[in-house]
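Have a look at data17.tsv; it's TSV, C-alpha atoms and all ligand atoms:
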chain	number	residue	atom	x	y	z
B	22	MET	CA	116.70	56.75	31.25
B	23	PHE	CA	119.63	56.00	33.43
B	24	ASN	CA	123.07	57.26	32.50
B	25	TYR	CA	125.48	54.47	33.40
B	26	LEU	CA	128.61	56.56	32.98
B	27	ASP	CA	128.58	57.37	36.69
B	28	GLN	CA	127.90	53.79	37.72
B	29	ASP	CA	130.35	52.33	40.23
B	30	LYS	CA	132.33	49.91	38.09
B	31	ASN	CA	132.37	47.48	41.01
B	32	GLN	CA	128.66	47.14	40.38
B	33	CYS	CA	129.22	46.27	36.74
B	34	GLU	CA	130.04	43.25	34.71
B	35	PHE	CA	132.85	43.74	32.22
B	36	PHE	CA	132.32	42.27	28.76
B	37	GLN	CA	134.72	41.91	25.89
B	38	ILE	CA	132.82	42.91	22.78
B	39	VAL	CA	134.94	43.22	19.63
B	40	PRO	CA	138.58	43.80	18.71
B	41	VAL	CA	139.33	47.49	18.43
B	42	GLU	CA	140.30	47.12	14.77
B	43	ASP	CA	136.71	46.07	14.02
B	44	LEU	CA	135.59	49.60	14.82
B	45	PRO	CA	137.66	51.97	12.68
B	46	ASN	CA	137.53	55.74	12.91
B	47	GLY	CA	134.16	57.14	11.84
B	48	GLU	CA	132.35	53.81	12.06
B	49	ARG	CA	129.66	52.39	14.33
B	50	LEU	CA	128.80	48.86	15.33
B	51	PHE	CA	125.56	47.42	16.64
B	52	VAL	CA	125.72	44.78	19.36
B	53	GLU	CA	123.26	43.15	21.72
B	54	VAL	CA	123.91	42.38	25.35
B	55	ASP	CA	121.15	40.49	27.10
B	56	ASP	CA	118.57	41.77	24.60
B	57	LYS	CA	119.76	45.34	25.09
B	58	LYS	CA	120.69	46.95	21.79
B	59	ILE	CA	123.85	49.01	22.02
B	60	ILE	CA	125.69	51.15	19.47
B	61	LEU	CA	129.46	51.44	19.61
B	62	PHE	CA	130.99	54.55	18.02
B	63	ASN	CA	134.48	55.54	17.02
B	64	LEU	CA	134.59	59.30	16.63
B	65	ALA	CA	138.05	60.56	15.77
B	66	GLY	CA	139.60	57.72	17.72
B	67	ASN	CA	137.38	58.20	20.78
B	68	LEU	CA	135.08	55.29	21.56
B	69	TYR	CA	131.57	55.48	23.01
B	70	ALA	CA	128.63	53.19	23.75
B	71	LEU	CA	124.98	54.25	23.70
B	72	GLY	CA	121.70	52.40	23.98
B	73	ASP	CA	120.09	52.06	20.56
B	74	VAL	CA	116.82	53.56	21.66
B	75	CYS	CA	115.21	56.92	21.06
B	76	THR	CA	113.38	58.07	24.16
B	77	HIS	CA	110.70	59.72	22.02
B	78	ASP	CA	109.20	56.43	20.81
B	79	ASP	CA	111.53	53.67	22.10
B	80	GLY	CA	112.55	52.83	18.51
B	81	PRO	CA	116.14	52.62	17.27
B	82	VAL	CA	118.26	55.71	16.82
B	83	GLY	CA	121.49	54.09	15.66
B	84	ASP	CA	120.95	54.51	11.94
B	85	GLY	CA	120.69	58.25	12.36
B	86	GLU	CA	123.06	60.73	10.77
B	87	ILE	CA	126.06	61.73	12.85
B	88	ASP	CA	126.75	65.46	13.02
B	89	GLY	CA	129.85	66.29	14.97
B	90	HIS	CA	129.41	64.74	18.39
B	91	GLU	CA	125.68	64.14	18.02
B	92	ILE	CA	123.49	61.48	16.46
B	93	ILE	CA	120.19	62.62	14.94
B	94	CYS	CA	117.15	60.39	15.33
B	95	PRO	CA	116.04	59.32	11.83
B	96	ARG	CA	112.34	59.75	12.62
B	97	HIS	CA	111.76	63.17	14.21
B	98	GLY	CA	115.22	64.62	14.46
B	99	THR	CA	116.06	64.71	18.15
B	100	ARG	CA	119.79	65.12	18.62
B	101	PHE	CA	121.62	63.09	21.24
B	102	ASN	CA	125.13	63.71	22.49
B	103	ILE	CA	127.09	60.57	21.63
B	104	SER	CA	129.40	60.75	24.63
B	105	THR	CA	126.69	61.32	27.25
B	106	GLY	CA	123.37	60.25	25.69
B	107	GLN	CA	121.94	63.68	26.51
B	108	ALA	CA	118.96	64.78	24.44
B	109	THR	CA	120.00	68.19	23.11
B	110	SER	CA	116.91	69.04	21.06
B	111	LEU	CA	113.20	68.29	20.94
B	112	PRO	CA	110.99	66.34	20.60
B	113	ALA	CA	112.69	63.82	22.93
B	114	VAL	CA	113.37	65.25	26.38
B	115	VAL	CA	114.87	62.20	28.09
B	116	ASP	CA	118.47	61.10	27.61
B	117	ILE	CA	119.35	57.71	26.17
B	118	PRO	CA	121.60	55.34	28.15
B	119	ALA	CA	125.34	55.86	27.84
B	120	TYR	CA	127.65	53.08	28.98
B	121	PRO	CA	131.17	53.21	30.36
B	122	ILE	CA	133.72	51.40	28.26
B	123	ARG	CA	137.31	50.36	28.45
B	124	VAL	CA	139.63	49.77	25.55
B	125	ALA	CA	142.76	47.69	25.57
B	126	ASN	CA	143.09	45.48	22.53
B	127	ILE	CA	139.44	44.69	22.84
B	128	PHE	CA	136.59	47.14	22.91
B	129	CYS	CA	134.95	46.45	26.26
B	130	LEU	CA	131.75	47.56	27.84
B	131	TYR	CA	131.02	47.97	31.51
B	132	ALA	CA	127.44	46.90	31.76
B	133	PRO	CA	125.24	47.51	34.77
B	134	THR	CA	124.07	44.77	37.05
B	135	ILE	CA	120.95	44.17	34.99
B	136	PHE	CA	123.30	42.54	32.48
B	137	LYS	CA	125.07	40.35	35.03
B	138	ASN	CA	123.80	37.10	33.55
B	139	ALA	CA	124.49	38.11	30.00
B	140	SER	CA	128.08	37.03	29.55
B	141	ASP	CA	127.12	34.31	27.10
B	142	SER	CA	124.55	36.31	25.23
B	143	ILE	CA	126.51	39.02	23.50
B	144	ALA	CA	125.59	39.06	19.85
B	145	ARG	CA	127.17	41.19	17.24
B	146	CYS	CA	125.00	42.47	14.43
B	147	ASP	CA	126.66	44.80	11.98
B	148	LYS	CA	124.31	46.97	10.01
B	149	PRO	CA	125.18	48.38	6.60
N	201	LIG	S1	111.34	58.83	17.43
N	201	LIG	FE1	113.26	59.81	17.78
N	201	LIG	S2	112.73	61.90	17.79
N	201	LIG	FE2	110.85	60.90	17.47
Since I need it in another form, could you write the structure as structure tokens?
Amino acid sequence: MFNYLDQDKNQCEFFQIVPVEDLPNGERLFVEVDDKKIILFNLAGNLYALGDVCTHDDGPVGDGEIDGHEIICPRHGTRFNISTGQATSLPAVVDIPAYPIRVANIFCLYAPTIFKNASDSIARCDKP
């Protein structure tokens, strides 16, 4: 899958997602942008955005345990680097999408051009 961290931001739409205080340290939030499921993480005050998709079976990975800087897929245990989306263990061998973000007072996501028509379709769905 494509890693959007290197995407030219001029090619991206910029969406305001949630106020920063809605994502406290150690927490994660689940949002949807144009039917794309995205997980927002706050790890020790550093914020990240990953696609909520395991490349092993295309199911969600966001409910997985977090170990340091990695999230562990709840089905077969592939570890993904939360800051880059890189698959760091088997069985998945393909990275999951990582998205560039910007934080001011609002947690913002730079989304690639495939999301360009999605500005009205951001949905927040917190999971327990
Ligand atoms: S579904 Fe994620 S590792 Fe198998």
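You can rank B:Arg49, B:His90, B:His77, B:Arg100 by their closest distance to ligand LIG 201 (chain N) using only C-alpha atoms and all ligand atoms, and at the top of that list sits B:His77.
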Self-check item: Surrounding residues as JSON, numbers by chain, ligand LIG 201 (chain N), max 12 Å, only C-alpha atoms and all ligand atoms
Solution: {"B": [73, 74, 75, 76, 77, 78, 79, 80, 81, 82, 83, 84, 85, 92, 93, 94, 95, 96, 97, 98, 99, 100, 101, 108, 109, 110, 111, 112, 113, 114, 115, 116, 117]}
Quiz item: Hey, can you check how far atom CA of B:Glu86 sits from atom CA of B:Asp43?
Solution: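 Answer for the atom CA of B:Glu86 to atom CA of B:Asp43 separation: 20.3 Å.
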Quiz item: Nearest to B:Tyr69 among B:Asn46, B:Ser104, B:Asn24, B:Gln37, with distances taken over all atoms listed in the file: which residue is it?
Solution: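 So, comparing all the options, the nearest one is B:Ser104.
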Practice problem: Please measure the separation of atom CA of B:Gln107 and atom CA of B:Gly72, giving the value in Å to one decimal. | Solution: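 It comes out at 11.6 Å.
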Quiz item: Which distance in Å separates atom CA of B:Pro45 and atom CA of B:Ile87, to one decimal?
Solution: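 These two atoms are separated by 15.2 Å.
Checking B:Val39, B:Val124, B:Ile59, B:Leu50 one by one against B:Leu71, counting all atoms listed in the file, you find the shortest gap at B:Ile59.
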Exercise. Using only C-alpha atoms, pick whichever of B:Asp27, B:Glu42, B:Glu48, B:Glu53 has the shortest atom-to-atom distance to B:Thr105.
Key: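 Selected residue with least distance to B:Thr105: B:Asp27.
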